[in-house]
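What's in coords-v2.pdb: PDB, C-alpha atoms
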MODEL        1
ATOM      1  CA  MET A   1     -18.902 -78.916  38.454
ATOM      2  CA  THR A   2     -20.235 -82.205  37.190
ATOM      3  CA  TYR A   3     -22.971 -84.773  37.482
ATOM      4  CA  ASP A   4     -22.167 -88.018  39.263
ATOM      5  CA  SER A   5     -22.215 -90.859  36.699
ATOM      6  CA  ARG A   6     -24.096 -93.184  39.066
ATOM      7  CA  SER A   7     -26.629 -90.956  40.822
ATOM      8  CA  LYS A   8     -26.793 -88.317  38.062
ATOM      9  CA  THR A   9     -26.721 -85.636  40.741
ATOM     10  CA  PHE A  10     -24.739 -82.431  40.669
ATOM     11  CA  LYS A  11     -21.387 -82.526  42.466
ATOM     12  CA  THR A  12     -19.474 -79.466  43.623
ATOM     13  CA  LEU A  13     -15.719 -79.198  43.049
ATOM     14  CA  ASP A  14     -15.109 -80.162  46.694
ATOM     15  CA  GLU A  15     -17.346 -83.202  46.315
ATOM     16  CA  GLN A  16     -15.557 -84.199  43.114
ATOM     17  CA  ILE A  17     -12.216 -84.109  44.915
ATOM     18  CA  GLU A  18     -13.613 -86.158  47.784
ATOM     19  CA  ILE A  19     -14.768 -88.796  45.294
ATOM     20  CA  LEU A  20     -11.256 -88.981  43.854
ATOM     21  CA  LYS A  21      -9.733 -89.202  47.330
ATOM     22  CA  MET A  22     -12.141 -92.005  48.273
ATOM     23  CA  LYS A  23     -10.843 -93.904  45.238
ATOM     24  CA  GLY A  24      -7.308 -93.560  46.576
ATOM     25  CA  LEU A  25      -6.038 -90.612  44.555
ATOM     26  CA  VAL A  26      -3.494 -88.438  46.366
ATOM     27  CA  ILE A  27      -4.332 -84.715  46.273
ATOM     28  CA  ASN A  28      -1.138 -82.752  47.015
ATOM     29  CA  ASP A  29      -2.439 -79.307  46.086
ATOM     30  CA  TYR A  30      -6.143 -79.021  46.865
ATOM     31  CA  ASP A  31      -6.651 -75.547  45.386
ATOM     32  CA  ARG A  32      -4.756 -76.420  42.200
ATOM     33  CA  ALA A  33      -6.844 -79.570  41.784
ATOM     34  CA  LYS A  34     -10.059 -77.550  42.169
ATOM     35  CA  GLU A  35      -8.860 -75.024  39.605
ATOM     36  CA  ILE A  36      -8.046 -77.762  37.076
ATOM     37  CA  LEU A  37     -11.341 -79.572  37.606
ATOM     38  CA  PHE A  38     -13.243 -76.322  37.183
ATOM     39  CA  ARG A  39     -11.407 -75.441  33.977
ATOM     40  CA  GLU A  40     -11.038 -78.870  32.378
ATOM     41  CA  ASN A  41     -14.077 -80.866  33.598
ATOM     42  CA  TYR A  42     -14.048 -83.852  35.960
ATOM     43  CA  PHE A  43     -15.542 -86.136  33.313
ATOM     44  CA  PHE A  44     -12.717 -85.528  30.820
ATOM     45  CA  ILE A  45      -9.911 -85.863  33.327
ATOM     46  CA  SER A  46     -11.355 -89.019  34.898
ATOM     47  CA  GLY A  47     -11.340 -90.573  31.424
ATOM     48  CA  TYR A  48      -7.657 -91.334  32.016
ATOM     49  CA  ARG A  49      -8.055 -93.013  35.399
ATOM     50  CA  HIS A  50      -8.048 -96.534  33.892
ATOM     51  CA  LEU A  51      -4.293 -96.303  33.370
ATOM     52  CA  PHE A  52      -3.760 -95.871  37.116
ATOM     53  CA  MET A  53      -6.275 -98.347  38.495
ATOM     54  CA  ALA A  54      -5.079-101.130  40.824
ATOM     55  CA  ASN A  55      -8.387-102.928  40.757
ATOM     56  CA  LYS A  56     -10.898-102.040  38.070
ATOM     57  CA  LYS A  57     -13.678-103.863  39.916
ATOM     58  CA  ASP A  58     -13.679-101.583  42.948
ATOM     59  CA  ASN A  59     -12.362 -98.608  40.940
ATOM     60  CA  GLN A  60      -9.383 -97.907  43.196
ATOM     61  CA  PHE A  61      -6.200 -96.127  42.159
ATOM     62  CA  ILE A  62      -2.784 -97.737  42.556
ATOM     63  CA  GLU A  63      -1.417 -96.709  45.943
ATOM     64  CA  GLY A  64       0.443 -93.422  45.694
ATOM     65  CA  THR A  65      -1.143 -92.239  42.438
ATOM     66  CA  THR A  66      -1.379 -88.451  42.485
ATOM     67  CA  PHE A  67      -3.765 -86.007  40.888
ATOM     68  CA  GLU A  68      -0.738 -84.498  39.142
ATOM     69  CA  GLU A  69      -0.051 -87.829  37.407
ATOM     70  CA  LEU A  70      -3.656 -88.130  36.273
ATOM     71  CA  TYR A  71      -3.583 -84.581  34.931
ATOM     72  CA  ALA A  72      -0.217 -85.224  33.240
ATOM     73  CA  MET A  73      -1.835 -88.060  31.278
ATOM     74  CA  PHE A  74      -4.730 -85.775  30.353
ATOM     75  CA  THR A  75      -2.373 -83.070  29.040
ATOM     76  CA  PHE A  76      -0.192 -85.654  27.272
ATOM     77  CA  ASP A  77      -3.219 -86.925  25.358
ATOM     78  CA  ARG A  78      -4.117 -83.360  24.420
ATOM     79  CA  LYS A  79      -0.587 -82.585  23.207
ATOM     80  CA  ILE A  80      -0.216 -85.700  21.069
ATOM     81  CA  ARG A  81      -3.757 -85.251  19.754
ATOM     82  CA  ASN A  82      -2.717 -81.835  18.444
ATOM     83  CA  ILE A  83       0.467 -83.281  16.939
ATOM     84  CA  PHE A  84      -1.339 -86.126  15.196
ATOM     85  CA  PHE A  85      -3.973 -83.712  13.932
ATOM     86  CA  SER A  86      -1.427 -81.301  12.444
ATOM     87  CA  PHE A  87       0.340 -84.051  10.492
ATOM     88  CA  ILE A  88      -2.914 -85.686   9.407
ATOM     89  CA  LEU A  89      -3.801 -82.293   7.926
ATOM     90  CA  VAL A  90      -0.563 -82.430   5.922
ATOM     91  CA  VAL A  91      -1.618 -85.816   4.532
ATOM     92  CA  GLU A  92      -5.113 -84.488   3.855
ATOM     93  CA  ASN A  93      -3.806 -81.506   1.910
ATOM     94  CA  ASN A  94      -1.410 -83.672  -0.117
ATOM     95  CA  LEU A  95      -4.083 -86.216  -0.986
ATOM     96  CA  LYS A  96      -6.534 -83.520  -2.028
ATOM     97  CA  SER A  97      -3.894 -81.975  -4.274
ATOM     98  CA  ILE A  98      -2.975 -85.323  -5.850
ATOM     99  CA  ILE A  99      -6.569 -86.413  -6.487
ATOM    100  CA  SER A 100      -7.610 -83.049  -7.926
ATOM    101  CA  TYR A 101      -4.562 -82.994 -10.206
ATOM    102  CA  GLN A 102      -5.121 -86.542 -11.455
ATOM    103  CA  LEU A 103      -8.826 -86.071 -12.164
ATOM    104  CA  SER A 104      -8.535 -82.566 -13.610
ATOM    105  CA  LYS A 105      -5.771 -83.654 -15.986
ATOM    106  CA  LYS A 106      -7.747 -86.648 -17.203
ATOM    107  CA  TYR A 107     -11.376 -85.502 -17.120
ATOM    108  CA  GLY A 108     -11.335 -81.698 -17.182
ATOM    109  CA  TYR A 109     -11.261 -78.916 -14.607
ATOM    110  CA  ARG A 110     -14.883 -77.700 -14.771
ATOM    111  CA  ASP A 111     -17.244 -79.296 -12.244
ATOM    112  CA  LYS A 112     -19.626 -80.456 -14.995
ATOM    113  CA  GLU A 113     -16.682 -82.348 -16.490
ATOM    114  CA  TYR A 114     -14.974 -83.937 -13.482
ATOM    115  CA  LEU A 115     -18.276 -84.758 -11.721
ATOM    116  CA  ASN A 116     -19.560 -86.776 -14.682
ATOM    117  CA  PRO A 117     -20.551 -90.249 -13.366
ATOM    118  CA  LYS A 118     -18.814 -91.824 -16.389
ATOM    119  CA  ASN A 119     -15.472 -90.790 -14.863
ATOM    120  CA  PHE A 120     -15.960 -93.147 -11.927
ATOM    121  CA  THR A 121     -16.287 -96.881 -11.381
ATOM    122  CA  GLN A 122     -18.982 -98.514 -13.458
ATOM    123  CA  ASP A 123     -19.385-101.361 -10.975
ATOM    124  CA  VAL A 124     -23.163-101.759 -10.603
ATOM    125  CA  MET A 125     -22.659-102.677  -6.943
ATOM    126  CA  LYS A 126     -21.222 -99.208  -6.361
ATOM    127  CA  SER A 127     -23.617 -97.172  -8.492
ATOM    128  CA  ARG A 128     -25.532 -95.858  -5.486
ATOM    129  CA  GLN A 129     -22.305 -94.993  -3.705
ATOM    130  CA  VAL A 130     -21.081 -93.085  -6.767
ATOM    131  CA  ARG A 131     -24.352 -91.159  -6.973
ATOM    132  CA  ASP A 132     -24.341 -90.320  -3.263
ATOM    133  CA  ILE A 133     -20.744 -89.060  -3.193
ATOM    134  CA  LEU A 134     -21.118 -86.962  -6.343
ATOM    135  CA  ASN A 135     -24.275 -85.448  -4.847
ATOM    136  CA  LYS A 136     -22.323 -84.600  -1.689
ATOM    137  CA  MET A 137     -19.700 -82.846  -3.799
ATOM    138  CA  ARG A 138     -22.299 -80.905  -5.779
ATOM    139  CA  ARG A 139     -23.959 -79.927  -2.521
ATOM    140  CA  GLN A 140     -20.651 -78.538  -1.248
ATOM    141  CA  ILE A 141     -20.484 -76.337  -4.336
ATOM    142  CA  ARG A 142     -24.012 -75.059  -3.684
ATOM    143  CA  VAL A 143     -23.587 -74.596   0.074
ATOM    144  CA  ASN A 144     -20.002 -73.333   0.220
ATOM    145  CA  GLY A 145     -19.789 -71.727  -3.213
ATOM    146  CA  ARG A 146     -20.502 -68.232  -1.917
ATOM    147  CA  GLN A 147     -19.034 -68.625   1.544
ATOM    148  CA  HIS A 148     -15.391 -68.937   0.503
ATOM    149  CA  THR A 149     -13.396 -66.331  -1.385
ATOM    150  CA  ALA A 150     -11.804 -68.775  -3.828
ATOM    151  CA  THR A 151     -15.019 -70.576  -4.806
ATOM    152  CA  LEU A 152     -16.905 -67.295  -5.031
ATOM    153  CA  HIS A 153     -14.221 -65.880  -7.345
ATOM    154  CA  TYR A 154     -14.546 -68.763  -9.792
ATOM    155  CA  ILE A 155     -18.344 -68.839  -9.712
ATOM    156  CA  ASP A 156     -18.658 -65.093 -10.321
ATOM    157  CA  ASN A 157     -15.924 -64.844 -12.941
ATOM    158  CA  TYR A 158     -16.004 -68.178 -14.727
ATOM    159  CA  GLY A 159     -19.256 -69.885 -13.777
ATOM    160  CA  TYR A 160     -17.644 -73.050 -12.454
ATOM    161  CA  VAL A 161     -15.510 -74.340  -9.557
ATOM    162  CA  PRO A 162     -12.337 -76.219 -10.526
ATOM    163  CA  MET A 163     -11.591 -79.348  -8.561
ATOM    164  CA  TRP A 164      -8.414 -77.975  -6.999
ATOM    165  CA  ILE A 165     -10.638 -75.352  -5.367
ATOM    166  CA  LEU A 166     -13.536 -77.682  -4.514
ATOM    167  CA  VAL A 167     -11.324 -80.100  -2.563
ATOM    168  CA  LYS A 168     -10.541 -77.310  -0.095
ATOM    169  CA  VAL A 169     -14.111 -77.473   1.227
ATOM    170  CA  LEU A 170     -14.479 -81.262   1.108
ATOM    171  CA  SER A 171     -14.058 -83.225   4.330
ATOM    172  CA  PHE A 172     -11.386 -85.886   4.581
ATOM    173  CA  GLY A 173     -14.209 -88.405   4.907
ATOM    174  CA  ILE A 174     -15.592 -87.436   1.496
ATOM    175  CA  ILE A 175     -12.101 -87.545  -0.023
ATOM    176  CA  SER A 176     -11.658 -91.046   1.401
ATOM    177  CA  GLU A 177     -14.994 -92.108  -0.098
ATOM    178  CA  LEU A 178     -14.105 -90.420  -3.382
ATOM    179  CA  TYR A 179     -10.968 -92.531  -3.720
ATOM    180  CA  ASN A 180     -13.069 -95.676  -3.333
ATOM    181  CA  ILE A 181     -15.295 -94.826  -6.315
ATOM    182  CA  LEU A 182     -12.546 -93.894  -8.752
ATOM    183  CA  LYS A 183     -11.866 -96.097 -11.741
ATOM    184  CA  LEU A 184      -9.296 -98.767 -10.926
ATOM    185  CA  GLU A 185      -6.653 -97.216 -13.180
ATOM    186  CA  ASP A 186      -7.044 -93.885 -11.358
ATOM    187  CA  GLN A 187      -6.861 -95.594  -7.953
ATOM    188  CA  ILE A 188      -3.679 -97.371  -9.026
ATOM    189  CA  ALA A 189      -2.105 -94.165 -10.322
ATOM    190  CA  ILE A 190      -2.687 -92.458  -6.963
ATOM    191  CA  ALA A 191      -1.670 -95.465  -4.851
ATOM    192  CA  ASP A 192       1.550 -95.778  -6.880
ATOM    193  CA  ILE A 193       2.575 -92.290  -5.800
ATOM    194  CA  TYR A 194       2.677 -93.562  -2.215
ATOM    195  CA  GLY A 195       4.161 -96.935  -3.157
ATOM    196  CA  LEU A 196       1.024 -98.743  -1.978
ATOM    197  CA  ASP A 197      -1.600-101.028  -3.464
ATOM    198  CA  VAL A 198      -5.184 -99.836  -3.883
ATOM    199  CA  ASP A 199      -6.719-101.847  -1.035
ATOM    200  CA  THR A 200      -4.033-100.792   1.440
ATOM    201  CA  LEU A 201      -4.379 -97.098   0.599
ATOM    202  CA  SER A 202      -8.175 -97.389   0.880
ATOM    203  CA  THR A 203      -7.838 -98.925   4.355
ATOM    204  CA  TYR A 204      -5.292 -96.296   5.381
ATOM    205  CA  LEU A 205      -7.570 -93.440   4.343
ATOM    206  CA  SER A 206     -10.473 -94.918   6.282
ATOM    207  CA  LEU A 207      -8.420 -95.106   9.502
ATOM    208  CA  VAL A 208      -6.893 -91.666   9.038
ATOM    209  CA  ALA A 209     -10.345 -90.148   8.474
ATOM    210  CA  ASN A 210     -11.569 -91.832  11.661
ATOM    211  CA  TYR A 211      -8.672 -90.583  13.779
ATOM    212  CA  ARG A 212      -8.901 -87.141  12.193
ATOM    213  CA  ASN A 213     -12.434 -86.834  13.563
ATOM    214  CA  ILE A 214     -11.301 -87.977  17.013
ATOM    215  CA  CYS A 215      -8.619 -85.281  17.014
ATOM    216  CA  ALA A 216     -10.849 -82.559  15.588
ATOM    217  CA  HIS A 217     -13.530 -83.160  18.224
ATOM    218  CA  GLU A 218     -10.986 -83.369  21.063
ATOM    219  CA  GLU A 219     -12.070 -86.839  22.146
ATOM    220  CA  VAL A 220      -9.878 -89.170  24.210
ATOM    221  CA  LEU A 221      -7.202 -90.358  21.802
ATOM    222  CA  TYR A 222      -4.903 -92.793  23.578
ATOM    223  CA  GLU A 223      -7.360 -95.703  23.938
ATOM    224  CA  HIS A 224      -9.245 -95.281  20.661
ATOM    225  CA  ARG A 225      -9.471 -98.342  18.429
ATOM    226  CA  THR A 226     -10.996 -98.722  14.975
ATOM    227  CA  GLN A 227     -13.068-101.610  13.646
ATOM    228  CA  ARG A 228     -10.908-101.941  10.540
ATOM    229  CA  VAL A 229      -7.303-103.073  10.831
ATOM    230  CA  ILE A 230      -4.379-102.218   8.592
ATOM    231  CA  PRO A 231      -2.553-105.016   6.741
ATOM    232  CA  ASP A 232       0.612-106.496   8.221
ATOM    233  CA  SER A 233       3.592-104.506   6.964
ATOM    234  CA  LYS A 234       7.374-104.544   6.913
ATOM    235  CA  TYR A 235       7.240-102.175   9.865
ATOM    236  CA  HIS A 236       5.457-104.723  12.019
ATOM    237  CA  ARG A 237       8.098-107.288  11.065
ATOM    238  CA  ASP A 238      11.157-105.043  11.293
ATOM    239  CA  LEU A 239      10.118-103.751  14.717
ATOM    240  CA  ASP A 240       9.543-107.365  15.778
ATOM    241  CA  ILE A 241       6.180-106.405  17.259
ATOM    242  CA  GLU A 242       4.804-109.027  19.612
ATOM    243  CA  VAL A 243       2.069-111.373  18.366
ATOM    244  CA  ASP A 244      -0.806-112.993  20.254
ATOM    245  CA  HIS A 245      -1.784-116.668  20.413
ATOM    246  CA  GLU A 246      -3.319-116.359  16.956
ATOM    247  CA  ASP A 247      -0.099-114.890  15.515
ATOM    248  CA  GLU A 248      -1.711-111.467  15.134
ATOM    249  CA  TYR A 249       0.355-108.394  15.917
ATOM    250  CA  ILE A 250      -0.831-106.841  19.177
ATOM    251  CA  TYR A 251       0.276-103.291  18.300
ATOM    252  CA  GLY A 252      -0.054-101.186  15.184
ATOM    253  CA  LYS A 253      -3.167-102.735  13.673
ATOM    254  CA  ASN A 254      -6.175-100.619  14.706
ATOM    255  CA  ASP A 255      -4.660 -98.404  17.393
ATOM    256  CA  LEU A 256      -2.743 -95.150  17.504
ATOM    257  CA  TYR A 257       0.478 -96.832  16.407
ATOM    258  CA  ALA A 258      -1.329 -97.989  13.263
ATOM    259  CA  ILE A 259      -1.633 -94.293  12.423
ATOM    260  CA  VAL A 260       2.105 -93.889  13.038
ATOM    261  CA  ILE A 261       2.759 -96.713  10.551
ATOM    262  CA  ILE A 262       0.382 -95.086   8.060
ATOM    263  CA  LEU A 263       1.997 -91.668   8.423
ATOM    264  CA  LYS A 264       5.392 -93.279   7.882
ATOM    265  CA  GLN A 265       4.211 -94.104   4.371
ATOM    266  CA  LEU A 266       2.180 -90.994   3.578
ATOM    267  CA  LEU A 267       4.524 -88.253   4.850
ATOM    268  CA  THR A 268       7.942 -87.322   3.505
ATOM    269  CA  LYS A 269      10.983 -88.543   5.443
ATOM    270  CA  ASP A 270      11.610 -85.095   6.919
ATOM    271  CA  GLU A 271       7.956 -84.617   7.858
ATOM    272  CA  PHE A 272       7.819 -88.020   9.527
ATOM    273  CA  ARG A 273      11.033 -87.434  11.471
ATOM    274  CA  ASP A 274       9.623 -84.126  12.706
ATOM    275  CA  PHE A 275       6.418 -85.918  13.696
ATOM    276  CA  ILE A 276       8.265 -88.612  15.680
ATOM    277  CA  ASN A 277      10.485 -86.013  17.343
ATOM    278  CA  GLN A 278       7.450 -84.045  18.510
ATOM    279  CA  ILE A 279       5.733 -87.169  19.854
ATOM    280  CA  GLY A 280       8.982 -88.241  21.479
ATOM    281  CA  TYR A 281       9.315 -84.930  23.277
ATOM    282  CA  GLU A 282       5.841 -85.293  24.806
ATOM    283  CA  VAL A 283       6.571 -88.902  25.795
ATOM    284  CA  ASP A 284       9.727 -87.728  27.582
ATOM    285  CA  VAL A 285       7.782 -84.996  29.377
ATOM    286  CA  LEU A 286       5.193 -87.546  30.510
ATOM    287  CA  ASP A 287       7.959 -89.868  31.708
ATOM    288  CA  GLY A 288       9.207 -87.113  33.997
ATOM    289  CA  LYS A 289       5.775 -86.601  35.546
ATOM    290  CA  VAL A 290       4.491 -90.138  36.109
ATOM    291  CA  ASP A 291       6.110 -92.565  38.557
ATOM    292  CA  THR A 292       3.278 -94.829  39.713
ATOM    293  CA  VAL A 293       2.916 -96.580  36.361
ATOM    294  CA  SER A 294       5.828 -97.406  34.054
ATOM    295  CA  LEU A 295       6.117 -95.442  30.837
ATOM    296  CA  ASN A 296       6.191 -98.593  28.694
ATOM    297  CA  SER A 297       3.005 -99.808  30.380
ATOM    298  CA  ILE A 298       1.255 -96.585  29.401
ATOM    299  CA  LEU A 299       2.641 -96.666  25.860
ATOM    300  CA  ASN A 300       1.636-100.307  25.417
ATOM    301  CA  GLN A 301      -1.930 -99.472  26.406
ATOM    302  CA  ILE A 302      -1.887 -96.734  23.782
ATOM    303  CA  GLY A 303      -0.689 -99.287  21.239
ATOM    304  CA  PHE A 304       2.977 -98.295  21.082
ATOM    305  CA  PRO A 305       5.607-101.086  21.281
ATOM    306  CA  ASP A 306       8.623-100.450  23.538
ATOM    307  CA  ASN A 307      10.824 -99.683  20.511
ATOM    308  CA  TRP A 308       8.261 -97.416  18.870
ATOM    309  CA  ARG A 309      10.801 -94.695  17.981
ATOM    310  CA  ASN A 310      12.865 -97.045  15.813
ATOM    311  CA  ILE A 311      10.373 -96.760  12.969
ATOM    312  CA  VAL A 312      11.850 -93.399  12.009
ATOM    313  CA  ASP A 313      15.017 -95.092  10.660
ATOM    314  CA  LEU A 314      13.336 -98.008   8.889
TER     315      LEU A 314
ENDMDL
END
Could I get this file's structure written as structure tokens?
Amino acid sequence: MTYDSRSKTFKTLDEQIEILKMKGLVINDYDRAKEILFRENYFFISGYRHLFMANKKDNQFIEGTTFEELYAMFTFDRKIRNIFFSFILVVENNLKSIISYQLSKKYGYRDKEYLNPKNFTQDVMKSRQVRDILNKMRRQIRVNGRQHTATLHYIDNYGYVPMWILVKVLSFGIISELYNILKLEDQIAIADIYGLDVDTLSTYLSLVANYRNICAHEEVLYEHRTQRVIPDSKYHRDLDIEVDHEDEYIYGKNDLYAIVIILKQLLTKDEFRDFINQIGYEVDVLDGKVDTVSLNSILNQIGFPDNWRNIVDL
């Protein structure tokens, strides 16, 4: 069941299939297609039709495109979304642990100590940002303090929440913002752990937080792009990624492959190899299910260069 995007009227499953057939999509198993549309939603599945369009103006599929291919792209996006999400969570956990350790060691482990505004940048241009983020953190203590076993234990027994406990209830977005208001020496100490400079790590965290939200809310992943771009890196050069007429790399800047490049630097070697292997498996599965459009064409639209797997050995 759905509403037609043009007339805003309700369309039955049979009518939805007829719309797809009118656009040139081949329906090999009518009942199976109805079952999938009923369970998954026409709107979500049709979000992948752009990859199979012969002419975007008249919205027609490439001749021979099947419903099975369209659904294969839908399930591929779901599978890699889950993979990206699971490894982003690894990065999130590591970063939370590192930041809480660094700040607790230097400023104290009680919330009244580590949430002191004097512990953060004294840049007057960021004073409001510092105040807002610290207020968000204090609010998390008030709101979540009695909803989680660990925070409740510390509040009831010690009267405070240590930072290594607080970070568990902070969103990745807040953690990303928190890094940006640290004193420069603290930012450098954390960035050094990853072998990065402060500005690069700040940009990385912003993109990871953005993609984390896309994954968590089960939005279409493959075509997502961010406004911010990551700096050119050795990985862009070593993979010999193609450049445009302005000598800008066309892959790995604000697309899904940019996240691959980021994870290369934020995960351990074993974690990253596992990540690439899992993505590679799903790419191979997709390759076996889609014939109308070349695999490299699909990957390029996602932001992956043809030699995308080679990054694991760089």
Taking 4 positions as the minimum chain separation for residues in the same chain, which residues sit within 10 Å of segment 166-182 of chain A when counting all atoms listed in the file? Answer as an NGL selection string. :A and (88-89 or 91-93 or 95-97 or 99-100 or 103 or 111 or 117 or 119-123 or 126-127 or 129-131 or 133-134 or 136-138 or 140-141 or 143-145 or 148 or 150-151 or 161-162 or 186-188 or 190-191 or 198-199 or 201-210 or 212-213)
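If only C-alpha atoms are the atoms counted, then among A:Ile45, A:Leu13, A:Val229, A:Ile36 the closest residue to Glu248 of chain A is A:Val229.
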Mind giving me the straight-line distance from atom CA of Asp255 of chain A to atom CA of Gly303 of chain A in Å, one decimal?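 Those two atoms sit 5.6 Å apart.
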Within 12 Å of (-12.3, -99.4, 43.1) (coordinates as in the file), grab all the protein and nucleic acid residues, counting all atoms listed in the file, and write them out as a ChimeraX atom specification. /A:19-25,49-50,52-63
Taking 4 positions as the minimum chain separation for residues in the same chain, which residues sit within 10 Å of Ile250 of chain A when counting only C-alpha atoms? Answer as a list of chain:residue names. A:His236, A:Ile241, A:Glu242, A:Val243, A:Asp244, A:His245, A:Asn254, A:Asp255, A:Asn300, A:Gly303, A:Phe304, A:Pro305
Would you write out, as a ChimeraX atom specification, every residue that the PyMOL selection byres ((chain A and resi 259-276) around 9) captures in this file? /A:83-84,87-88,90-91,94,194-196,204-205,207-208,211,230,233,235-236,252-258,277-281,309,311-313
Write the residues of the preceding selection, restricted to C-alpha atoms, as a short mmCIF file (atom, residue, chain, number, x, y, z; two decimals), keeping the file's coordinate frame.
data_model
loop_
_atom_site.label_atom_id
_atom_site.label_comp_id
_atom_site.auth_asym_id
_atom_site.auth_seq_id
_atom_site.Cartn_x
_atom_site.Cartn_y
_atom_site.Cartn_z
CA ILE A 83 0.47 -83.28 16.94
CA PHE A 84 -1.34 -86.13 15.20
CA PHE A 87 0.34 -84.05 10.49
CA ILE A 88 -2.91 -85.69 9.41
CA VAL A 90 -0.56 -82.43 5.92
CA VAL A 91 -1.62 -85.82 4.53
CA ASN A 94 -1.41 -83.67 -0.12
CA TYR A 194 2.68 -93.56 -2.22
CA GLY A 195 4.16 -96.94 -3.16
CA LEU A 196 1.02 -98.74 -1.98
CA TYR A 204 -5.29 -96.30 5.38
CA LEU A 205 -7.57 -93.44 4.34
CA LEU A 207 -8.42 -95.11 9.50
CA VAL A 208 -6.89 -91.67 9.04
CA TYR A 211 -8.67 -90.58 13.78
CA ILE A 230 -4.38 -102.22 8.59
CA SER A 233 3.59 -104.51 6.96
CA TYR A 235 7.24 -102.18 9.86
CA HIS A 236 5.46 -104.72 12.02
CA GLY A 252 -0.05 -101.19 15.18
CA LYS A 253 -3.17 -102.74 13.67
CA ASN A 254 -6.18 -100.62 14.71
CA ASP A 255 -4.66 -98.40 17.39
CA LEU A 256 -2.74 -95.15 17.50
CA TYR A 257 0.48 -96.83 16.41
CA ALA A 258 -1.33 -97.99 13.26
CA ASN A 277 10.48 -86.01 17.34
CA GLN A 278 7.45 -84.04 18.51
CA ILE A 279 5.73 -87.17 19.85
CA GLY A 280 8.98 -88.24 21.48
CA TYR A 281 9.32 -84.93 23.28
CA ARG A 309 10.80 -94.70 17.98
CA ILE A 311 10.37 -96.76 12.97
CA VAL A 312 11.85 -93.40 12.01
CA ASP A 313 15.02 -95.09 10.66
#
Which of these residues is nearest to Asp240 of chain A, using all atoms listed in the file: A:Leu286, A:Asn307, A:Val293, A:Phe67? A:Asn307
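The nearest approach to Arg110 of chain A among the residues A:Arg146, A:Val285, A:Tyr158, A:Arg225, with only C-alpha atoms taken into account, belongs to A:Tyr158.
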Calculate how many Å separate atom CA of Glu15 of chain A from atom CA of Leu37 of chain A, rounding to one decimal.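 Separating atom CA of Glu15 of chain A from atom CA of Leu37 of chain A is a distance of 11.2 Å.
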